[in-house]
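Encoded as structure tokens, the structure appears first; notes follow it.
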Amino acid sequence: IQVTQVVAVVGAGVVGLSTAVVIAEALPHCSVTVLADRFTPNTTSDGAAGILFASQFPGEQRRWFKRTFDHLLLIASSPEAGVAGVFLSSGWQIFREVPPEKKPYWSDCVLSFGTMTDAELKRFPQYKFGQAFTTIKCECPSYLPWLQKRLEKAGGIMIHEKVTDLAELGLRYDVIVNCSGLGSRELLGDEDVHPVRGQVLRVHAPWLQHFVRVADGHTYIYPGAGGVTLGGTRQAADSQAIFERCRRLEPSLGSARPLGEWVGLRPGRRNPRVERGHVRVHGRRVPVVHNYGHGGWGITLSWGTALDALDLVRQCLNERPPEARL
Amino acid sequence: MGFHIDWSLDVESTAADMRVAVIGAGVIGLSTAQCIYERYHSAVSSLSIEVYADRFTPQTTSDGAAGLWQPYLYDNGNTLETKWNKETFDYLLGFLNSPDSIKMGIFLQSGYNLCSDPAPDPSFRDIVLGFRQLAKRELDLFPGYSHGWFNTALMIEGKSYLPWLMNWLKQRGVKFYQRKVSSFQELADSGVEVIINCTGVRSGELQPDPELKPGRGQIIKVSAPWLKHFILTHNFKKGVYNSPYIIPGSRHVTVGGVFQLGNWSEQNSTADHKKIWEEACSLEPSLKHARVMEDWSGLRPVRSRVRLEREMMQFGPASCEVIHNYGHGGYGLTIHWGCALEAARLFGEIIEQKGQGDRSRL
């Protein structure tokens, strides 16, 4: 008889839910419980535009991005695309100066990638170089509920609870998976995690079908199913400034109707922490698998890091037989 | 020599006006009126333009069309039409950064043209932006299609463009009359000197044309705001527009298609709806969760080539110059500006022949 292992996942953002689903579906003898103080639509992930796009993290980036992209592409090409909020998005990334690296490492991960033609660049007279590609947009206000349903279908449950002490959790669970994002700063005392403020505007401009992103990441236009996200900033800025920068790139925004603003705190870290740890509970070591610190790349790396976290959870479970809980 | 004016037409004009009547208020009629006004209202100080139509926006064929700029895949040697298509594309592209672009219904859209068999590159490959072959990974998304292209084109939505054109014309004193013109003679007799015949699919009612036939189309409007690309399929056995297409717009997604040559019915058909829906859902599975809004049927004015030429008509003592501009099939929005320019050029010829500027008629 297989004894059910109880796994706690802390955090219900895109990383937490992806990790919980991956574990619940792969390990039927595990009972997965997600604990979080915030659920969709109140997580950091919910405010993100969700365009899949990678950055320059060292290490496992490409693998994480590729696995996430492939997973989401399956959803985008399925009947569930609209329900899950996962769909194809084409557009352009533009550079003021020609970059040294014209083809980034992720160029073969996205659906298509090429250099913009002169005719395409004409629309952006102050930019000398551009990339045209088709990627995926993953909108968490739809995707997170979709993941939650998938979690429940796999037998997982969700509890509204703010976790302040991993040791306390260790009394009740065999393995703890920490996906608490920015919360890890307090929960673990990890001072590498720091808030990176993001501010976005949402507008109604249903004629916009393409994303436009300035390579420095400070200005972007991301059309979605319910509105267009305009951003952004990595420090305090005036919404009007965001709007003006975007309108210079896309003059038709002058006809857009404002929908609202959102400010979120990205869980910044020099790279995501996906590794094992433990917490001491009455002299016992309860394994912890960390999966946090995805910065502005949570959605982009969610499934790939979840799969790595699953491997680590498997390791933990294989190494130690379950012990009676106190 | 005097001429008889039928005042029952309630036309506002003076005897010295050079009266130009445009018949038809779809995209062809309105844009031709605009083009002629733009180029000749200062050269011909007495120019008076009137538009006659039984249907105005939003009831015209142009209003129901999805509005994607895209010609048929191949022009079969008709390089003139390709030229007109290119002129239209470049003209509309020029408006993209203007504050009016959305009022005009113009915006960029990218998407996929899919073929069931290998096919040569289409006639528009050098006109659109970012044209390229589809990679295998992209084709894998569309089972049953082994070949295809991706490009960025334009949308030009009739439901916005036509009101914008009408406004533009009204502001410049162009008069509109809602009525069905029964003959060219009727207008000539009232003193119209030049008629621009933009009567589309029903041109045959004014002058029989065995080459002109209706190409009935039916579309389903749905709400599926996650769709951001057009997807057009081409089945060379079934013929143009008889295979599924999905074109997102600013207000809804247009799903088609059918192309029924010779069918004059403007009623929606349940059988057509079923066929269109099943094929579209095969192509784009997420349509399963789209909200169906309504169907619409329209008659494409199909002809082997656009009829864009002058014809001098004699009605007893009165004569009238007619510029025909009809038969744009399923590519009226796509080709309209190039045709308007050509029609304006023909108008210029007429002006020259009559003598420029203000002259009383003989």
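Following the order of the structure tokens, chains are lettered A, B, ..., residues in each are numbered from 1, and ligands are numbered from 1.
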
Within 7 Å of Arg303 in chain B, counting only C-alpha atoms, which residues qualify if same-chain residues fewer than 5 places away don't, as number ranges by chain?
B: 211-213, 327, 329

Determine, using only C-alpha atoms, which residues of chain A have any atom at most 7 Å from an atom of chain B, and tabulate each with its shortest atom pair and distance in Å to one decimal place, rows ordered by chain and then rising number, as a tab-separated table.
residue	atom	partner	partner_atom	distance
A:Ser77	CA	B:Leu141	CA	6.5
A:Ser78	CA	B:Pro285	CA	5.8
A:Pro79	CA	B:Ser286	CA	3.7
A:Glu80	CA	B:Ser286	CA	5.8
A:Ala81	CA	B:Ser286	CA	5.5
A:Gly82	CA	B:Trp226	CA	5.9
A:Phe87	CA	B:Trp226	CA	6.3
A:Ser89	CA	B:Lys228	CA	6.6
A:Leu111	CA	B:Glu138	CA	6.6
A:Thr117	CA	B:Gly130	CA	6.5
A:Ala119	CA	B:Leu129	CA	6.7
A:Glu120	CA	B:Leu129	CA	6.3
A:Pro206	CA	B:Ser250	CA	5.1
A:Trp207	CA	B:Ser250	CA	4.5
A:Gln209	CA	B:Lys228	CA	5.3
A:Gly224	CA	B:Trp226	CA	6.7
A:Ala225	CA	B:Trp226	CA	4.5
A:Pro251	CA	B:Asn97	CA	5.5
A:Ser252	CA	B:Pro99	CA	6.2
A:Gly254	CA	B:Pro99	CA	7.0
A:Ser255	CA	B:Ile102	CA	7.0

Contacts of Glu60 in chain A at 9 Å (only C-alpha atoms; same-chain gap of 4+ positions) as a list in words
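Everything that qualifies: Trp64, Phe65 and Thr305 of chain A.
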
Keeping N, CA, C and O atoms for every residue in the selection just given, could you write it to a file as a short mmCIF file (atom, residue, chain, number, x, y, z; two decimals), in the first residue's frame?
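File written: again-v9.cif
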data_model
loop_
_atom_site.label_atom_id
_atom_site.label_comp_id
_atom_site.auth_asym_id
_atom_site.auth_seq_id
_atom_site.Cartn_x
_atom_site.Cartn_y
_atom_site.Cartn_z
N TRP A 64 14.33 26.30 -19.27
CA TRP A 64 13.09 26.66 -18.60
C TRP A 64 12.12 27.34 -19.56
O TRP A 64 10.93 27.05 -19.58
N PHE A 65 12.66 28.27 -20.36
CA PHE A 65 11.82 29.00 -21.31
C PHE A 65 11.23 28.04 -22.33
O PHE A 65 10.03 28.03 -22.60
N THR A 305 10.46 25.81 -14.66
CA THR A 305 10.97 25.72 -13.29
C THR A 305 10.11 24.76 -12.47
O THR A 305 10.62 24.06 -11.59
#

Go through range 115-209 of chain A and collect every residue that DSSP, computed from the backbone, puts in alpha helix (DSSP H); the answer should be as a PyMOL selection string.
chain A and resi 118-121+140-153+166-172+184-188

Based on DSSP run over this structure's backbone, return all residues of range 10-196 of chain B in strand (DSSP E), as JSON, numbers by chain.
{"B": [18, 19, 20, 21, 22, 23, 47, 48, 49, 50, 51, 52, 53, 106, 107, 108, 109, 110, 111, 112, 113, 114, 115, 129, 130, 131, 132, 133, 147, 148, 149, 150, 151, 152, 153, 154, 155, 156, 175, 176, 177, 178, 194, 195, 196]}

Taking 2 positions as the minimum chain separation for residues in the same chain, which residues sit within 8 Å of Ile323 in chain B when counting only C-alpha atoms? Answer as a VMD selection string.
chain B and resid 194 to 197 308 to 311 321 325 343 346 to 347

Just the number, please: distance in Å from CA of Glu294 in chain B to CA of Ile220 in chain B, one decimal.
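It comes out at 5.9 Å.
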
Selection: 12 Å around His294 in chain A, only C-alpha atoms, excl. self and same-chain fewer than 2 positions, as a VMD selection string
chain A and resid 13 to 16 44 to 45 54 to 55 57 61 64 to 65 179 to 182 184 192 to 196 265 to 274 290 to 292 296 to 306
